[in-house]
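Below is model_3.cif, holding mmCIF, C-alpha atoms.
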```cif
data_upload
loop_
_atom_site.label_atom_id
_atom_site.label_comp_id
_atom_site.auth_asym_id
_atom_site.auth_seq_id
_atom_site.Cartn_x
_atom_site.Cartn_y
_atom_site.Cartn_z
CA MET R 1 -37.58 -1.10 62.15
CA LYS R 2 -41.05 -1.43 63.55
CA LYS R 3 -40.15 -4.72 65.17
CA ARG R 4 -37.09 -3.22 66.74
CA SER R 5 -39.14 -0.45 68.34
CA LEU R 6 -41.61 -2.98 69.64
CA ALA R 7 -38.84 -5.05 71.13
CA SER R 8 -37.37 -1.99 72.81
CA LEU R 9 -40.71 -1.12 74.32
CA ILE R 10 -41.18 -4.62 75.65
CA LEU R 11 -37.70 -4.63 77.09
CA ALA R 12 -38.25 -1.27 78.71
CA ALA R 13 -41.52 -2.50 80.20
CA ALA R 14 -39.87 -5.63 81.52
CA LEU R 15 -37.09 -3.67 83.09
CA ALA R 16 -39.53 -1.23 84.54
CA THR R 17 -41.53 -4.05 85.95
CA THR R 18 -38.58 -5.76 87.55
CA LEU R 19 -36.65 -2.75 88.64
CA THR R 20 -39.37 -0.42 89.87
CA PRO R 21 -38.58 0.28 93.49
CA ALA R 22 -41.53 2.54 94.07
CA THR R 23 -43.92 -0.30 94.65
CA PRO R 24 -44.96 -0.37 98.23
CA VAL R 25 -43.47 -3.23 100.04
CA LEU R 26 -46.11 -5.61 101.11
CA ALA R 27 -45.70 -8.23 103.62
CA ASP R 28 -47.67 -10.61 101.35
CA GLY R 29 -45.23 -13.37 100.28
CA ALA R 30 -47.50 -14.78 97.57
CA ALA R 31 -47.73 -11.44 95.81
CA SER R 32 -44.00 -11.08 95.86
CA THR R 33 -43.54 -14.48 94.24
CA ARG R 34 -46.09 -13.62 91.57
CA ASN R 35 -44.33 -10.41 90.77
CA ILE R 36 -41.02 -12.18 90.36
CA ILE R 37 -42.51 -14.78 88.00
CA LEU R 38 -44.23 -12.13 85.88
CA GLY R 39 -41.06 -10.11 85.53
CA GLY R 40 -39.01 -13.14 84.49
CA ALA R 41 -41.56 -14.11 81.86
CA ALA R 42 -41.55 -10.63 80.40
CA ALA R 43 -37.76 -10.60 80.21
CA ALA R 44 -37.66 -13.99 78.45
CA ALA R 45 -40.25 -12.85 75.91
CA GLY R 46 -38.26 -9.73 75.12
CA THR R 47 -35.08 -11.74 74.68
CA LEU R 48 -36.80 -14.13 72.28
CA ILE R 49 -38.15 -11.28 70.22
CA LEU R 50 -34.72 -9.74 70.02
CA ILE R 51 -33.10 -12.99 68.96
CA ASN R 52 -35.71 -13.54 66.26
CA HIS R 53 -35.28 -10.03 65.00
CA ASN R 54 -31.52 -10.41 64.85
CA LYS R 55 -31.87 -13.68 62.96
CA GLN R 56 -34.04 -11.99 60.36
CA VAL R 57 -31.62 -9.10 60.06
CA HIS R 58 -28.67 -11.44 59.60
CA ALA R 59 -30.53 -13.53 57.07
CA ARG R 60 -31.45 -10.44 55.09
CA GLU R 61 -27.90 -9.16 55.22
CA ALA R 62 -26.57 -12.54 54.10
CA ALA R 63 -28.97 -12.54 51.18
CA MET R 64 -27.88 -9.04 50.26
CA SER R 65 -24.24 -9.99 50.54
CA GLU R 66 -24.81 -13.04 48.40
CA GLN R 67 -26.57 -10.96 45.80
CA GLN R 68 -23.77 -8.42 45.89
CA ALA R 69 -21.24 -11.20 45.51
CA GLU R 70 -23.14 -12.58 42.53
CA THR R 71 -23.35 -9.14 40.99
CA ALA R 72 -19.65 -8.58 41.60
CA ALA R 73 -18.81 -11.93 40.03
CA ALA R 74 -20.93 -11.15 37.00
CA ALA R 75 -19.31 -7.74 36.70
CA GLN R 76 -15.87 -9.30 36.96
CA ASN R 77 -16.78 -11.81 34.29
CA ALA R 78 -18.00 -9.04 32.03
CA GLN R 79 -14.82 -7.06 32.62
CA ALA R 80 -12.69 -10.09 31.88
CA ALA R 81 -14.68 -10.79 28.73
CA TYR R 82 -14.29 -7.19 27.65
CA GLN R 83 -10.53 -7.29 28.24
CA ALA R 84 -10.26 -10.51 26.25
CA GLU R 85 -12.28 -9.05 23.38
CA ARG R 86 -10.14 -5.91 23.42
CA ARG R 87 -6.94 -7.93 23.31
CA ALA R 88 -8.28 -9.94 20.39
CA TYR R 89 -9.25 -6.74 18.57
CA LEU R 90 -5.83 -5.18 19.09
CA ASN R 91 -4.19 -8.34 17.82
CA GLN R 92 -6.40 -8.22 14.73
CA VAL R 93 -5.50 -4.58 14.15
CA ALA R 94 -1.80 -5.42 14.34
CA LEU R 95 -2.34 -8.34 11.95
CA ASN R 96 -4.13 -6.07 9.49
CA GLY R 97 -1.17 -3.68 9.61
CA GLU R 98 1.16 -6.53 8.73
CA TYR R 99 -1.10 -7.49 5.81
CA LYS R 100 -1.07 -3.92 4.56
CA ARG R 101 2.72 -3.76 4.67
CA GLU R 102 2.96 -7.07 2.83
CA VAL R 103 0.60 -5.92 0.08
CA ALA R 104 2.52 -2.65 -0.34
CA LEU R 105 5.79 -4.56 -0.64
CA GLN R 106 4.36 -6.92 -3.24
CA HIS R 107 2.91 -3.98 -5.16
CA ASN R 108 6.33 -2.33 -5.32
CA MET R 109 7.86 -5.57 -6.54
CA ILE R 110 5.24 -5.85 -9.30
CA VAL R 111 5.86 -2.26 -10.40
CA LYS R 112 9.62 -2.86 -10.58
CA LEU R 113 9.16 -6.08 -12.54
CA ARG R 114 6.86 -4.32 -14.98
CA GLN R 115 9.44 -1.59 -15.47
CA GLN R 116 12.13 -4.18 -16.10
CA VAL R 117 9.97 -5.94 -18.68
CA ALA R 118 9.16 -2.65 -20.39
CA GLN R 119 12.82 -1.68 -20.55
CA SER R 120 14.03 -5.01 -21.89
CA GLN R 121 14.98 -4.88 -25.56
CA PRO R 122 16.27 -7.75 -27.64
CA ALA R 123 19.82 -7.30 -28.91
CA GLY R 124 21.07 -8.14 -32.35
CA GLY R 125 19.10 -8.57 -35.54
CA GLN R 126 16.48 -10.89 -34.13
CA PRO R 127 13.03 -9.36 -34.50
CA ALA R 128 11.10 -8.65 -31.32
CA ARG R 129 7.36 -8.22 -31.32
CA VAL R 130 5.96 -5.02 -29.85
CA ALA R 131 2.43 -6.02 -29.02
CA ALA R 132 1.12 -2.58 -28.10
CA ALA R 133 1.98 -1.05 -31.49
CA ARG R 134 1.43 -4.28 -33.42
CA SER R 135 4.82 -3.81 -34.97
CA VAL R 136 8.10 -5.68 -34.97
CA SER R 137 11.36 -4.13 -33.89
CA TYR R 138 14.24 -4.73 -36.29
CA GLY R 139 17.78 -3.53 -36.03
CA TRP R 140 20.92 -3.91 -34.00
CA GLY R 141 22.12 -2.93 -30.56
CA ALA R 142 20.38 -2.13 -27.31
CA LEU R 143 18.90 1.28 -26.89
CA MET B 144 34.65 48.79 -48.65
CA ARG B 145 32.81 46.75 -51.16
CA SER B 146 35.59 44.18 -51.30
CA LYS B 147 35.46 43.77 -47.49
CA GLN B 148 31.74 43.05 -47.59
CA LEU B 149 32.27 40.52 -50.31
CA ALA B 150 35.00 38.81 -48.30
CA ALA B 151 32.77 38.65 -45.20
CA ALA B 152 29.97 37.18 -47.25
CA LEU B 153 32.30 34.54 -48.62
CA VAL B 154 33.53 33.63 -45.14
CA ALA B 155 29.94 33.33 -43.90
CA ALA B 156 29.01 31.18 -46.88
CA VAL B 157 31.95 28.86 -46.25
CA ALA B 158 31.05 28.59 -42.57
CA LEU B 159 27.43 27.79 -43.35
CA ALA B 160 28.48 25.23 -45.91
CA ALA B 161 30.75 23.62 -43.34
CA CYS B 162 27.87 23.47 -40.92
CA GLY B 163 25.69 21.82 -43.51
CA HIS B 164 28.21 19.08 -44.07
CA ALA B 165 28.59 18.32 -40.37
CA ASP B 166 26.90 15.00 -39.60
CA GLY B 167 24.24 15.63 -36.99
CA PRO B 168 22.28 12.80 -35.43
CA GLN B 169 19.40 13.26 -37.86
CA SER B 170 21.62 13.17 -40.93
CA ILE B 171 23.32 10.05 -39.56
CA ALA B 172 19.96 8.40 -38.96
CA ASP B 173 18.76 9.47 -42.38
CA ALA B 174 21.86 8.10 -44.08
CA ALA B 175 21.61 4.78 -42.22
CA THR B 176 17.91 4.45 -43.04
CA LYS B 177 18.54 5.18 -46.69
CA ALA B 178 21.36 2.64 -46.72
CA ILE B 179 19.13 -0.06 -45.26
CA TYR B 180 16.29 0.85 -47.58
CA ASN B 181 18.67 0.52 -50.52
CA ASP B 182 20.09 -2.74 -49.13
CA ASP B 183 23.52 -1.10 -49.08
CA VAL B 184 25.39 -2.90 -46.31
CA THR B 185 28.65 -1.07 -46.90
CA ALA B 186 27.10 2.38 -46.61
CA MET B 187 25.17 1.33 -43.57
CA GLN B 188 28.15 -0.19 -41.78
CA ALA B 189 30.12 2.97 -42.38
CA ARG B 190 27.82 4.67 -39.86
CA PHE B 191 28.01 1.90 -37.28
CA ASN B 192 30.67 1.58 -34.58
CA ASP B 193 32.92 -1.45 -34.46
CA ASP B 194 30.82 -3.47 -32.04
CA LEU B 195 27.60 -2.96 -33.94
CA ARG B 196 29.22 -3.58 -37.30
CA LYS B 197 30.07 -7.13 -36.23
CA GLN B 198 26.41 -7.93 -35.62
CA VAL B 199 25.19 -7.04 -39.09
CA THR B 200 24.59 -9.76 -41.66
CA LEU B 201 23.64 -9.47 -45.30
CA ASP B 202 20.47 -11.47 -44.77
CA GLN B 203 19.25 -9.20 -42.02
CA VAL B 204 19.77 -6.09 -44.09
CA ALA B 205 18.05 -7.68 -47.08
CA THR B 206 15.08 -8.70 -44.96
CA ILE B 207 14.63 -5.24 -43.48
CA SER B 208 15.10 -3.63 -46.87
CA SER B 209 12.33 -5.70 -48.39
CA LYS B 210 9.98 -4.85 -45.55
CA LEU B 211 10.72 -1.14 -45.97
CA HIS B 212 10.13 -1.32 -49.68
CA ALA B 213 6.72 -2.76 -48.94
CA LEU B 214 5.89 0.58 -47.30
CA GLY B 215 6.61 2.55 -50.46
CA PRO B 216 9.26 5.13 -51.28
CA TYR B 217 11.27 6.63 -48.44
CA ASN B 218 10.54 10.32 -47.78
CA GLY B 219 12.90 11.25 -44.94
CA LEU B 220 12.91 11.54 -41.14
CA ALA B 221 11.33 13.82 -38.56
CA GLN B 222 12.69 13.95 -35.03
CA THR B 223 10.25 13.06 -32.24
CA ALA B 224 12.50 12.91 -29.18
CA ALA B 225 16.11 13.40 -28.15
CA ASP B 226 18.21 12.73 -25.07
CA VAL B 227 21.48 14.34 -26.07
CA PRO B 228 23.54 13.42 -22.96
CA ALA B 229 22.59 9.77 -23.45
CA GLY B 230 23.03 9.95 -27.22
CA ARG B 231 19.45 8.79 -27.72
CA TYR B 232 17.35 10.08 -30.62
CA ASP B 233 13.94 9.05 -31.90
CA TYR B 234 12.53 9.81 -35.34
CA ASN B 235 9.57 9.05 -37.51
CA ALA B 236 10.59 7.70 -40.89
CA ARG B 237 8.07 8.66 -43.53
CA PHE B 238 7.25 6.24 -46.31
CA ALA B 239 4.58 6.57 -48.92
CA GLN B 240 2.25 4.12 -47.19
CA ALA B 241 3.32 4.38 -43.56
CA THR B 242 5.33 6.27 -41.00
CA ILE B 243 7.43 4.13 -38.69
CA PRO B 244 9.50 4.92 -35.57
CA VAL B 245 13.28 4.84 -35.82
CA HIS B 246 15.42 4.71 -32.68
CA LEU B 247 19.07 5.67 -32.60
CA ARG B 248 21.85 5.66 -30.03
CA LEU B 249 25.15 7.31 -30.80
CA ASP B 250 28.41 6.59 -28.98
CA PRO B 251 30.70 9.46 -27.88
CA THR B 252 32.56 9.34 -31.22
CA GLY B 253 29.35 10.01 -33.15
CA LYS B 254 29.04 6.49 -34.52
CA ILE B 255 25.83 4.50 -34.29
CA ALA B 256 25.85 2.18 -31.26
CA ALA B 257 22.24 1.02 -31.68
CA TYR B 258 19.74 1.34 -34.50
CA ARG B 259 16.22 -0.02 -34.53
CA LEU B 260 13.06 0.36 -36.60
CA ASP B 261 9.52 -0.59 -35.60
CA ILE B 262 7.98 -2.02 -38.75
CA PRO B 263 4.25 -2.80 -38.78
CA ASP B 264 3.55 -6.50 -38.62
CA PRO B 265 1.26 -7.60 -41.46
CA ASN B 266 0.34 -10.74 -39.49
CA PRO B 267 -0.04 -9.65 -35.86
CA SER B 268 -1.65 -12.93 -34.80
CA SER B 269 1.26 -15.07 -35.93
#
```
Write-out of the structure in structure tokens:
Amino acid sequence: MKKRSLASLILAAALATTLTPATPVLADGAASTRNIILGGAAAAAGTLILINHNKQVHAREAAMSEQQAETAAAAQNAQAAYQAERRAYLNQVALNGEYKREVALQHNMIVKLRQQVAQSQPAGGQPARVAAARSVSYGWGAL
Amino acid sequence: MRSKQLAAALVAAVALAACGHADGPQSIADAATKAIYNDDVTAMQARFNDDLRKQVTLDQVATISSKLHALGPYNGLAQTAADVPAGRYDYNARFAQATIPVHLRLDPTGKIAAYRLDIPDPNPSS
């Protein structure tokens, strides 16, 4: 900002030098030539300063843009990684639900099989051991 | 008046006597258990329906009878459960040395369709 002000001042001075009409017109040709040379030099110096300033500004803006691009890329990568992790988590949750349903189904099958075993009774006069009571069932027919 | 009361008493006595002779599930179970205990196949089969009667053999009855005798004298039954619509009745048969469960299923005609006793196993490991 400071450099820009300085460049403006120099430019204004150069313009003032070249464009000031209030200078009394002298008949001296050497002085006129000197004035022309001085004004051209001032204008060239101001132009150089402006160009240098603009180069610095563009370089700084490019660096900022590059940094912003890098930041944006990193953010996009993080977002993509988050989305991937979330998808994996949701898949795992769904898989766990399937496991739960499978376990419940197997549990029901085990309960039914146990009931069937408990209800089974040997027919006829063949003795059948009843382990829980440590006794043997004798008799005929199915209860 | 006195003769009417006497007649009513007689009628009531006859009715009660008739009720006593009716074979309820417990009396059927008691009779079958006594028959097996006494190794009386004929008396036992008289309580069984036709299908069950065909399954009974003399050896089986003799085996069960000997096991029951090992428990001491028979002292009767006590009901523990009943499912009348299904014809299912459970009893405890009391013997001098043990009380064992007896399970009974009657068919719609009142005959025994299934009869089982849970006799303690003297050799549970075998």
Mind checking which residues fall within 10 Å of B:Thr223, counting only C-alpha atoms, ignoring those fewer than 3 positions away in the same chain, and posting them as a short mmCIF file (atom, residue, chain, number, x, y, z; two decimals) with C-alpha atoms, in the frame of the given file?
```cif
data_model
loop_
_atom_site.label_atom_id
_atom_site.label_comp_id
_atom_site.auth_asym_id
_atom_site.auth_seq_id
_atom_site.Cartn_x
_atom_site.Cartn_y
_atom_site.Cartn_z
CA LEU B 220 12.91 11.54 -41.14
CA TYR B 232 17.35 10.08 -30.62
CA ASP B 233 13.94 9.05 -31.90
CA TYR B 234 12.53 9.81 -35.34
CA ASN B 235 9.57 9.05 -37.51
CA PRO B 244 9.50 4.92 -35.57
CA VAL B 245 13.28 4.84 -35.82
CA HIS B 246 15.42 4.71 -32.68
#
```
What are the residues of chain R that have an atom within 7 Å of an atom of chain B, counting all atoms listed in the file, as a ChimeraX atom specification?
-> /R:124-125,134-143
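Atom pair atom CA of R:Val117 / atom CA of R:Lys100: separated by 25.8 Å.
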Excluding same-chain residues fewer than 5 positions from B:Asn181, what lies within 12 Å of it counting all atoms listed in the file, as a PDB file with C-alpha atoms, in the frame of the given file?
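The resulting file, out.pdb, is reproduced below:
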```pdb
ATOM      1  CA  ALA B 174      21.860   8.100 -44.080  1.00  0.00           C
ATOM      2  CA  ALA B 175      21.610   4.780 -42.220  1.00  0.00           C
ATOM      3  CA  THR B 176      17.910   4.450 -43.040  1.00  0.00           C
ATOM      4  CA  ALA B 186      27.100   2.380 -46.610  1.00  0.00           C
ATOM      5  CA  MET B 187      25.170   1.330 -43.570  1.00  0.00           C
ATOM      6  CA  VAL B 204      19.770  -6.090 -44.090  1.00  0.00           C
ATOM      7  CA  ALA B 205      18.050  -7.680 -47.080  1.00  0.00           C
ATOM      8  CA  THR B 206      15.080  -8.700 -44.960  1.00  0.00           C
ATOM      9  CA  ILE B 207      14.630  -5.240 -43.480  1.00  0.00           C
ATOM     10  CA  SER B 208      15.100  -3.630 -46.870  1.00  0.00           C
ATOM     11  CA  SER B 209      12.330  -5.700 -48.390  1.00  0.00           C
ATOM     12  CA  LYS B 210       9.980  -4.850 -45.550  1.00  0.00           C
ATOM     13  CA  LEU B 211      10.720  -1.140 -45.970  1.00  0.00           C
ATOM     14  CA  HIS B 212      10.130  -1.320 -49.680  1.00  0.00           C
ATOM     15  CA  PRO B 216       9.260   5.130 -51.280  1.00  0.00           C
ATOM     16  CA  TYR B 217      11.270   6.630 -48.440  1.00  0.00           C
TER      17      TYR B 217
END
```
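Reported to one decimal place, the separation of atom CA of R:Ala88 from atom CA of R:Ala104 is 24.5 Å.
Picture a line from atom CA of B:Lys254 to atom CA of B:Asp173; it runs 13.3 Å.
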